[in-house]
Amino acid sequence: MTYDLAIVGAGPAGMTAALYAARKVLKTVVVSTDQGGQLLLTREVENWPGMINIGGYELSRSFTQHVEQYGVEQRIGRSVTAIHRTEMGFELTIADDESILAKAMIISSGGRSRRLNVPGEEKFTGRGVSYCATCDAPLFSGKKVAVIGGGNAAFEAVIDLLPIAAEIHVVDVAEGWFADPILHPQVLSAERVHTYQQHRLLEIKGDNLVNSVIIEGQNGKRHELDVNGVFVEIGSIPNTDFLSGLIELNQGGEIVVDEGLSTSLPGIFAAGDVINRRDKQVVISAGQGATAALSAYRWLIEEGRLGARG
């Protein structure tokens, strides 16, 4: 069987793309290691339009249930290991050496947060450890938090937290502040911000939830900071390893796309956290998924690959 469209990834971008493809009556398959992507790392979402508050898992389930209403085929728990061009489109090799043929593709494989790889990080992810201040800052109203990082993402996280948190500890785990200078005054001069340059984060501690972190300076002196939340802002890694040599990627490994979300290879489109766009938000990814699906639909028609429609 050859599908009209194969979608790689089942996060907000991929599932929205699947919804729009189904409504265009495209024979579609979704291939993904999970259903939800980075939404599964978010305890609560308070900026999804129309929903004052919804859990990350619950929101991802609502995407999945909506797509399932249209009977879209899904291969969940399966990763794409390779993609090859064929005369009719593309061949995807997935886990267990299964092959899928498709006339067009949307890559929405998302990204994964760069991890600290310290004790307690995995245990408290979603229970005080967050990788998205824009998403989760309101959950820490009146509480003490730590922001880990010294770049733009970390400083912007502090700015998001300033009206909300009671106290903010900024721990630079690199070689000093490398955020844009325009951000420095807002962060470094704030009364409730405490800074620790060139420190190592050794451990995240707690019981059911985070209650402290252990940091160490270059002189070997250790501090235990009393915090309820830890925002890890040391960058993200796009999930594009399987695309090497197939389409254009930028230096950060993100997929380069045009206005219609076409990639450098005709017939392949991309959306969500995996593309070269600055803002990474659930609502933005969903919108990009819709755009990519509509662009793929138009491309299939223009290339005469759908045959008679009716």
# chains A, B, ... in the order shown; residues from 1 in each chain; ligands from 1
$ select_by_dssp --residues "segment 128-194 of chain A" --states "strand (DSSP E)" --output "list in words"
Val129, Ser130, Lys144, Val145, Ala146, Val147, Ile148, Glu167, Ile168, His169, Val170, Val171, Val193 and His194 of chain A
$ select_by_dssp --residues "segment 61-298 of chain A" --states "alpha helix (DSSP H)" --output "VMD selection string"
chain A and resid 61 to 68 133 to 136 152 to 161 184 to 188 282 to 298
$ closest_residue --among "A:Val230, A:Ile148, A:Ala293, A:Leu162" --to "His199 of chain A" --atoms "only C-alpha atoms"
A:Ile148
$ atom_distance --atom1 "atom CA of Asp258 of chain A" --atom2 "atom CA of Gln288 of chain A"
11.7 Å
$ closest_residue --among "A:Thr134, A:Ser295, A:Asn239, A:Ser141" --to "Gly272 of chain A" --atoms "only C-alpha atoms"
A:Asn239
$ atom_distance --atom1 "atom CA of Glu91 of chain A" --atom2 "atom CA of Tyr20 of chain A"
22.2 Å
$ residues_around --residues "Cys132 of chain A" --least-positions-apart "2" --cutoff "8 Å" --atoms "only C-alpha atoms" --output "list in words"
Thr42, Ser130, Thr134, Cys135, Asp136, Ala137, Ala157, Phe231, Val232 and Glu233 of chain A
$ residues_around --residues "Gln198 of chain A" --least-positions-apart "4" --cutoff "10 Å" --atoms "only C-alpha atoms" --output "tab-separated table (two decimals) with all heavy atoms, in the first residue's frame"
chain	number	residue	atom	x	y	z
A	149	GLY	N	21.04	27.87	33.41
A	149	GLY	CA	21.48	28.30	32.09
A	149	GLY	C	21.91	29.75	32.11
A	149	GLY	O	21.57	30.51	33.04
A	150	GLY	N	22.63	30.15	31.08
A	150	GLY	CA	23.11	31.53	31.01
A	150	GLY	C	22.86	32.20	29.68
A	150	GLY	O	23.36	33.30	29.44
A	171	VAL	N	21.46	29.86	37.83
A	171	VAL	CA	22.70	29.11	37.94
A	171	VAL	C	23.29	28.91	36.55
A	171	VAL	O	22.72	28.22	35.70
A	171	VAL	CB	22.47	27.73	38.61
A	171	VAL	CG1	23.79	26.99	38.76
A	171	VAL	CG2	21.78	27.91	39.96
A	172	ASP	N	24.42	29.56	36.30
A	172	ASP	CA	25.12	29.44	35.02
A	172	ASP	C	26.01	28.21	35.07
A	172	ASP	O	26.94	28.13	35.88
A	172	ASP	CB	25.96	30.70	34.77
A	172	ASP	CG	27.05	30.47	33.74
A	172	ASP	OD1	26.76	29.82	32.73
A	172	ASP	OD2	28.18	30.94	33.96
A	173	VAL	N	25.72	27.23	34.22
A	173	VAL	CA	26.50	25.99	34.22
A	173	VAL	C	27.49	25.94	33.06
A	173	VAL	O	28.07	24.91	32.76
A	173	VAL	CB	25.56	24.75	34.17
A	173	VAL	CG1	24.78	24.63	35.46
A	173	VAL	CG2	24.63	24.82	32.97
A	174	ALA	N	27.69	27.09	32.39
A	174	ALA	CA	28.62	27.15	31.26
A	174	ALA	C	29.81	28.05	31.63
A	174	ALA	O	30.41	27.93	32.68
A	174	ALA	CB	27.90	27.65	30.02
A	175	GLU	N	30.09	29.01	30.77
A	175	GLU	CA	31.26	29.86	30.96
A	175	GLU	C	30.89	31.31	31.14
A	175	GLU	O	31.63	32.21	30.72
A	175	GLU	CB	32.21	29.69	29.75
A	175	GLU	CG	32.75	28.29	29.57
A	175	GLU	CD	33.59	27.83	30.75
A	175	GLU	OE1	34.29	28.68	31.34
A	175	GLU	OE2	33.54	26.63	31.08
A	176	GLY	N	29.78	31.58	31.75
A	176	GLY	CA	29.38	32.97	31.97
A	176	GLY	C	28.09	33.30	31.22
A	176	GLY	O	27.56	32.49	30.46
A	177	TRP	N	27.57	34.52	31.46
A	177	TRP	CA	26.34	34.94	30.81
A	177	TRP	C	26.59	35.18	29.33
A	177	TRP	O	27.42	35.99	28.96
A	177	TRP	CB	25.81	36.22	31.45
A	177	TRP	CG	25.75	36.22	32.95
A	177	TRP	CD1	26.29	37.14	33.78
A	177	TRP	CD2	25.10	35.27	33.79
A	177	TRP	NE1	26.03	36.83	35.09
A	177	TRP	CE2	25.29	35.68	35.13
A	177	TRP	CE3	24.37	34.11	33.55
A	177	TRP	CZ2	24.79	34.98	36.22
A	177	TRP	CZ3	23.87	33.40	34.65
A	177	TRP	CH2	24.08	33.83	35.96
A	216	GLU	N	27.70	23.67	42.98
A	216	GLU	CA	29.10	23.76	43.39
A	216	GLU	C	29.83	24.78	42.53
A	216	GLU	O	29.74	24.74	41.30
A	216	GLU	CB	29.77	22.39	43.25
A	216	GLU	CG	31.24	22.37	43.67
A	216	GLU	CD	31.86	21.00	43.46
A	216	GLU	OE1	32.14	20.66	42.28
A	216	GLU	OE2	32.05	20.29	44.45
A	217	GLY	N	30.56	25.70	43.17
A	217	GLY	CA	31.33	26.70	42.46
A	217	GLY	C	32.68	26.17	42.03
A	217	GLY	O	33.08	25.06	42.38
A	218	GLN	N	33.40	26.98	41.27
A	218	GLN	CA	34.72	26.56	40.78
A	218	GLN	C	35.71	26.33	41.91
A	218	GLN	O	36.67	25.58	41.74
A	218	GLN	CB	35.27	27.62	39.81
A	218	GLN	CG	34.55	27.64	38.47
A	218	GLN	CD	35.22	28.57	37.49
A	218	GLN	OE1	35.60	29.70	37.83
A	218	GLN	NE2	35.38	28.13	36.25
$ residues_around --residues "Leu39 of chain A" --least-positions-apart "6" --cutoff "8 Å" --atoms "only C-alpha atoms" --output "ChimeraX atom specification"
/A:11,56-57,59-60,282
$ write_last_selection --atoms "all heavy atoms" --output "compact mmCIF listing (two decimals), in the first residue's frame"
# COMPACT_ATOMS: atom_id res chain seq x y z
N GLY A 11 3.08 14.74 18.06
CA GLY A 11 2.86 15.84 18.99
C GLY A 11 1.81 16.77 18.43
O GLY A 11 1.07 16.42 17.49
N GLY A 56 -0.89 18.46 30.49
CA GLY A 56 -0.21 18.16 29.23
C GLY A 56 -0.64 16.83 28.65
O GLY A 56 -0.88 16.70 27.45
N TYR A 57 -0.75 15.82 29.51
CA TYR A 57 -1.19 14.50 29.04
C TYR A 57 -2.63 14.56 28.52
O TYR A 57 -2.94 13.99 27.47
CB TYR A 57 -1.08 13.47 30.16
CG TYR A 57 -1.65 12.12 29.78
CD1 TYR A 57 -0.92 11.26 28.96
CD2 TYR A 57 -2.90 11.72 30.22
CE1 TYR A 57 -1.44 10.03 28.59
CE2 TYR A 57 -3.43 10.49 29.87
CZ TYR A 57 -2.69 9.65 29.05
OH TYR A 57 -3.21 8.43 28.68
N LEU A 59 -4.22 17.11 27.28
CA LEU A 59 -4.28 17.83 26.00
C LEU A 59 -3.80 16.93 24.87
O LEU A 59 -4.41 16.90 23.79
CB LEU A 59 -3.44 19.10 26.07
CG LEU A 59 -3.45 19.98 24.81
CD1 LEU A 59 -4.88 20.37 24.42
CD2 LEU A 59 -2.60 21.24 25.02
N SER A 60 -2.74 16.18 25.11
CA SER A 60 -2.24 15.27 24.06
C SER A 60 -3.27 14.20 23.74
O SER A 60 -3.45 13.81 22.59
CB SER A 60 -0.91 14.64 24.48
OG SER A 60 -1.09 13.67 25.50
N VAL A 282 3.01 25.21 21.92
CA VAL A 282 2.02 24.22 21.49
C VAL A 282 1.10 24.81 20.42
O VAL A 282 0.86 24.19 19.37
CB VAL A 282 1.18 23.72 22.68
CG1 VAL A 282 0.10 22.77 22.20
CG2 VAL A 282 2.07 23.04 23.70
$ residues_around --residues "Leu26 of chain A" --least-positions-apart "5" --cutoff "7 Å" --atoms "only C-alpha atoms" --output "JSON, numbers by chain"
{"A": [4, 5, 21]}
$ write_last_selection --atoms "all heavy atoms" --output "compact mmCIF listing (two decimals), in the first residue's frame"
# COMPACT_ATOMS: atom_id res chain seq x y z
N ASP A 4 -1.00 8.45 0.71
CA ASP A 4 -0.85 9.80 0.15
C ASP A 4 0.13 10.61 0.99
O ASP A 4 0.94 11.37 0.45
CB ASP A 4 -2.20 10.54 0.14
CG ASP A 4 -3.20 9.90 -0.80
OD1 ASP A 4 -2.79 9.43 -1.87
OD2 ASP A 4 -4.40 9.88 -0.44
N LEU A 5 0.07 10.43 2.30
CA LEU A 5 0.86 11.26 3.21
C LEU A 5 1.31 10.44 4.41
O LEU A 5 0.51 9.75 5.04
CB LEU A 5 0.03 12.45 3.69
CG LEU A 5 0.71 13.45 4.62
CD1 LEU A 5 1.84 14.19 3.91
CD2 LEU A 5 -0.31 14.45 5.17
N ALA A 21 -5.17 16.56 7.18
CA ALA A 21 -5.02 15.63 6.06
C ALA A 21 -6.25 14.73 5.94
O ALA A 21 -6.75 14.48 4.83
CB ALA A 21 -3.77 14.78 6.26
$ closest_residue --among "A:Asn152, A:Asn228, A:Asn117, A:Ser262" --to "Glu167 of chain A" --atoms "only C-alpha atoms"
A:Asn228
$ residues_around --residues "Ala270 of chain A" --least-positions-apart "2" --cutoff "10 Å" --atoms "only C-alpha atoms" --output "PyMOL selection string"
chain A and resi 7-8+13-14+17+105-110+255-258+260-263+268+272-276+288-289+291-293+296
$ atom_distance --atom1 "atom CA of Leu202 of chain A" --atom2 "atom CA of Glu122 of chain A"
13.5 Å
$ closest_residue --among "A:Ala102, A:Ile215, A:Ile83, A:Ala10" --to "Thr64 of chain A" --atoms "only C-alpha atoms"
A:Ala10
$ closest_residue --among "A:Arg222, A:Ile204, A:Ala104, A:Gly9" --to "Leu306 of chain A" --atoms "only C-alpha atoms"
A:Ala104
$ closest_residue --among "A:Gly89, A:Val147, A:Ala18, A:Asp180" --to "Pro266 of chain A" --atoms "only C-alpha atoms"
A:Gly89
$ decode --residues "segment 74-90 of chain A" --atoms "all heavy atoms" --output "PDB file, in the first residue's frame"
ATOM      1  N   GLN A  74      -2.222   4.788  12.615  1.00  0.00           N
ATOM      2  CA  GLN A  74      -1.097   5.228  13.423  1.00  0.00           C
ATOM      3  C   GLN A  74      -0.179   4.053  13.744  1.00  0.00           C
ATOM      4  O   GLN A  74      -0.647   2.961  14.023  1.00  0.00           O
ATOM      5  CB  GLN A  74      -1.570   5.873  14.735  1.00  0.00           C
ATOM      6  CG  GLN A  74      -2.431   7.105  14.532  1.00  0.00           C
ATOM      7  CD  GLN A  74      -2.808   7.743  15.846  1.00  0.00           C
ATOM      8  OE1 GLN A  74      -1.946   8.116  16.645  1.00  0.00           O
ATOM      9  NE2 GLN A  74      -4.102   7.859  16.110  1.00  0.00           N
ATOM     10  N   ARG A  75       1.111   4.305  13.703  1.00  0.00           N
ATOM     11  CA  ARG A  75       2.117   3.337  14.137  1.00  0.00           C
ATOM     12  C   ARG A  75       2.852   3.981  15.313  1.00  0.00           C
ATOM     13  O   ARG A  75       3.819   4.716  15.119  1.00  0.00           O
ATOM     14  CB  ARG A  75       3.092   3.017  13.002  1.00  0.00           C
ATOM     15  CG  ARG A  75       2.443   2.649  11.675  1.00  0.00           C
ATOM     16  CD  ARG A  75       1.828   1.261  11.706  1.00  0.00           C
ATOM     17  NE  ARG A  75       1.159   0.970  10.444  1.00  0.00           N
ATOM     18  CZ  ARG A  75       1.748   0.470   9.377  1.00  0.00           C
ATOM     19  NH1 ARG A  75       3.056   0.223   9.405  1.00  0.00           N
ATOM     20  NH2 ARG A  75       1.076   0.231   8.277  1.00  0.00           N
ATOM     21  N   ILE A  76       2.373   3.726  16.511  1.00  0.00           N
ATOM     22  CA  ILE A  76       2.927   4.362  17.697  1.00  0.00           C
ATOM     23  C   ILE A  76       3.924   3.412  18.373  1.00  0.00           C
ATOM     24  O   ILE A  76       3.746   2.191  18.373  1.00  0.00           O
ATOM     25  CB  ILE A  76       1.811   4.751  18.684  1.00  0.00           C
ATOM     26  CG1 ILE A  76       0.787   5.650  17.973  1.00  0.00           C
ATOM     27  CG2 ILE A  76       2.394   5.463  19.909  1.00  0.00           C
ATOM     28  CD1 ILE A  76       1.358   6.929  17.397  1.00  0.00           C
ATOM     29  N   GLY A  77       4.953   3.995  18.948  1.00  0.00           N
ATOM     30  CA  GLY A  77       6.020   3.198  19.536  1.00  0.00           C
ATOM     31  C   GLY A  77       7.025   2.743  18.506  1.00  0.00           C
ATOM     32  O   GLY A  77       7.835   1.841  18.760  1.00  0.00           O
ATOM     33  N   ARG A  78       6.993   3.378  17.348  1.00  0.00           N
ATOM     34  CA  ARG A  78       7.889   3.010  16.250  1.00  0.00           C
ATOM     35  C   ARG A  78       8.694   4.238  15.824  1.00  0.00           C
ATOM     36  O   ARG A  78       8.147   5.324  15.662  1.00  0.00           O
ATOM     37  CB  ARG A  78       7.084   2.496  15.048  1.00  0.00           C
ATOM     38  CG  ARG A  78       5.986   1.515  15.374  1.00  0.00           C
ATOM     39  CD  ARG A  78       6.533   0.160  15.774  1.00  0.00           C
ATOM     40  NE  ARG A  78       7.110  -0.547  14.644  1.00  0.00           N
ATOM     41  CZ  ARG A  78       6.389  -1.251  13.771  1.00  0.00           C
ATOM     42  NH1 ARG A  78       5.068  -1.296  13.887  1.00  0.00           N
ATOM     43  NH2 ARG A  78       6.979  -1.899  12.799  1.00  0.00           N
ATOM     44  N   SER A  79       9.956   4.092  15.650  1.00  0.00           N
ATOM     45  CA  SER A  79      10.807   5.195  15.213  1.00  0.00           C
ATOM     46  C   SER A  79      11.177   5.014  13.751  1.00  0.00           C
ATOM     47  O   SER A  79      11.281   3.889  13.245  1.00  0.00           O
ATOM     48  CB  SER A  79      12.081   5.267  16.065  1.00  0.00           C
ATOM     49  OG  SER A  79      12.817   4.058  15.970  1.00  0.00           O
ATOM     50  N   VAL A  80      11.356   6.129  13.053  1.00  0.00           N
ATOM     51  CA  VAL A  80      11.809   6.103  11.661  1.00  0.00           C
ATOM     52  C   VAL A  80      13.325   6.078  11.660  1.00  0.00           C
ATOM     53  O   VAL A  80      13.977   6.949  12.245  1.00  0.00           O
ATOM     54  CB  VAL A  80      11.295   7.334  10.890  1.00  0.00           C
ATOM     55  CG1 VAL A  80      11.853   7.344   9.468  1.00  0.00           C
ATOM     56  CG2 VAL A  80       9.772   7.341  10.861  1.00  0.00           C
ATOM     57  N   THR A  81      13.904   5.085  11.021  1.00  0.00           N
ATOM     58  CA  THR A  81      15.361   4.949  11.011  1.00  0.00           C
ATOM     59  C   THR A  81      15.992   5.467   9.724  1.00  0.00           C
ATOM     60  O   THR A  81      17.167   5.829   9.715  1.00  0.00           O
ATOM     61  CB  THR A  81      15.764   3.480  11.215  1.00  0.00           C
ATOM     62  OG1 THR A  81      15.154   2.668  10.193  1.00  0.00           O
ATOM     63  CG2 THR A  81      15.293   2.993  12.575  1.00  0.00           C
ATOM     64  N   ALA A  82      15.207   5.520   8.645  1.00  0.00           N
ATOM     65  CA  ALA A  82      15.756   6.007   7.372  1.00  0.00           C
ATOM     66  C   ALA A  82      14.623   6.382   6.432  1.00  0.00           C
ATOM     67  O   ALA A  82      13.505   5.859   6.541  1.00  0.00           O
ATOM     68  CB  ALA A  82      16.640   4.947   6.721  1.00  0.00           C
ATOM     69  N   ILE A  83      14.923   7.307   5.514  1.00  0.00           N
ATOM     70  CA  ILE A  83      13.973   7.722   4.475  1.00  0.00           C
ATOM     71  C   ILE A  83      14.710   7.738   3.145  1.00  0.00           C
ATOM     72  O   ILE A  83      15.821   8.288   3.043  1.00  0.00           O
ATOM     73  CB  ILE A  83      13.395   9.117   4.761  1.00  0.00           C
ATOM     74  CG1 ILE A  83      12.636   9.118   6.091  1.00  0.00           C
ATOM     75  CG2 ILE A  83      12.465   9.566   3.627  1.00  0.00           C
ATOM     76  CD1 ILE A  83      12.192  10.502   6.534  1.00  0.00           C
ATOM     77  N   HIS A  84      14.105   7.140   2.123  1.00  0.00           N
ATOM     78  CA  HIS A  84      14.704   7.107   0.790  1.00  0.00           C
ATOM     79  C   HIS A  84      13.701   7.589  -0.250  1.00  0.00           C
ATOM     80  O   HIS A  84      12.499   7.341  -0.115  1.00  0.00           O
ATOM     81  CB  HIS A  84      15.169   5.682   0.442  1.00  0.00           C
ATOM     82  CG  HIS A  84      16.165   5.114   1.402  1.00  0.00           C
ATOM     83  ND1 HIS A  84      17.492   5.486   1.414  1.00  0.00           N
ATOM     84  CD2 HIS A  84      16.014   4.206   2.409  1.00  0.00           C
ATOM     85  CE1 HIS A  84      18.129   4.832   2.372  1.00  0.00           C
ATOM     86  NE2 HIS A  84      17.256   4.039   2.987  1.00  0.00           N
ATOM     87  N   ARG A  85      14.199   8.255  -1.257  1.00  0.00           N
ATOM     88  CA  ARG A  85      13.340   8.684  -2.370  1.00  0.00           C
ATOM     89  C   ARG A  85      13.030   7.486  -3.256  1.00  0.00           C
ATOM     90  O   ARG A  85      13.860   6.597  -3.456  1.00  0.00           O
ATOM     91  CB  ARG A  85      14.035   9.771  -3.187  1.00  0.00           C
ATOM     92  CG  ARG A  85      14.327  11.038  -2.406  1.00  0.00           C
ATOM     93  CD  ARG A  85      15.002  12.087  -3.256  1.00  0.00           C
ATOM     94  NE  ARG A  85      14.102  12.595  -4.283  1.00  0.00           N
ATOM     95  CZ  ARG A  85      14.427  13.567  -5.129  1.00  0.00           C
ATOM     96  NH1 ARG A  85      15.615  14.135  -5.078  1.00  0.00           N
ATOM     97  NH2 ARG A  85      13.555  13.976  -6.038  1.00  0.00           N
ATOM     98  N   THR A  86      11.817   7.468  -3.785  1.00  0.00           N
ATOM     99  CA  THR A  86      11.420   6.452  -4.749  1.00  0.00           C
ATOM    100  C   THR A  86      10.800   7.148  -5.955  1.00  0.00           C
ATOM    101  O   THR A  86      10.588   8.363  -5.945  1.00  0.00           O
ATOM    102  CB  THR A  86      10.377   5.481  -4.144  1.00  0.00           C
ATOM    103  OG1 THR A  86       9.146   6.205  -3.936  1.00  0.00           O
ATOM    104  CG2 THR A  86      10.857   4.911  -2.825  1.00  0.00           C
ATOM    105  N   GLU A  87      10.481   6.367  -6.962  1.00  0.00           N
ATOM    106  CA  GLU A  87       9.889   6.952  -8.172  1.00  0.00           C
ATOM    107  C   GLU A  87       8.546   7.596  -7.872  1.00  0.00           C
ATOM    108  O   GLU A  87       8.196   8.642  -8.434  1.00  0.00           O
ATOM    109  CB  GLU A  87       9.713   5.860  -9.233  1.00  0.00           C
ATOM    110  CG  GLU A  87       9.171   6.384 -10.552  1.00  0.00           C
ATOM    111  CD  GLU A  87       9.056   5.302 -11.600  1.00  0.00           C
ATOM    112  OE1 GLU A  87       9.585   4.194 -11.370  1.00  0.00           O
ATOM    113  OE2 GLU A  87       8.432   5.563 -12.652  1.00  0.00           O
ATOM    114  N   MET A  88       7.794   7.029  -6.920  1.00  0.00           N
ATOM    115  CA  MET A  88       6.463   7.527  -6.609  1.00  0.00           C
ATOM    116  C   MET A  88       6.434   8.432  -5.381  1.00  0.00           C
ATOM    117  O   MET A  88       5.398   8.987  -5.042  1.00  0.00           O
ATOM    118  CB  MET A  88       5.504   6.349  -6.385  1.00  0.00           C
ATOM    119  CG  MET A  88       5.236   5.538  -7.636  1.00  0.00           C
ATOM    120  SD  MET A  88       4.510   6.557  -8.950  1.00  0.00           S
ATOM    121  CE  MET A  88       2.963   7.019  -8.175  1.00  0.00           C
ATOM    122  N   GLY A  89       7.562   8.584  -4.703  1.00  0.00           N
ATOM    123  CA  GLY A  89       7.573   9.415  -3.496  1.00  0.00           C
ATOM    124  C   GLY A  89       8.701   9.054  -2.568  1.00  0.00           C
ATOM    125  O   GLY A  89       9.870   9.265  -2.882  1.00  0.00           O
ATOM    126  N   PHE A  90       8.333   8.419  -1.425  1.00  0.00           N
ATOM    127  CA  PHE A  90       9.320   8.150  -0.391  1.00  0.00           C
ATOM    128  C   PHE A  90       9.062   6.802   0.271  1.00  0.00           C
ATOM    129  O   PHE A  90       7.925   6.345   0.369  1.00  0.00           O
ATOM    130  CB  PHE A  90       9.279   9.253   0.678  1.00  0.00           C
ATOM    131  CG  PHE A  90       9.445  10.630   0.109  1.00  0.00           C
ATOM    132  CD1 PHE A  90       8.325  11.394  -0.196  1.00  0.00           C
ATOM    133  CD2 PHE A  90      10.698  11.144  -0.171  1.00  0.00           C
ATOM    134  CE1 PHE A  90       8.462  12.663  -0.751  1.00  0.00           C
ATOM    135  CE2 PHE A  90      10.846  12.395  -0.721  1.00  0.00           C
ATOM    136  CZ  PHE A  90       9.726  13.155  -1.012  1.00  0.00           C
TER     137      PHE A  90
END
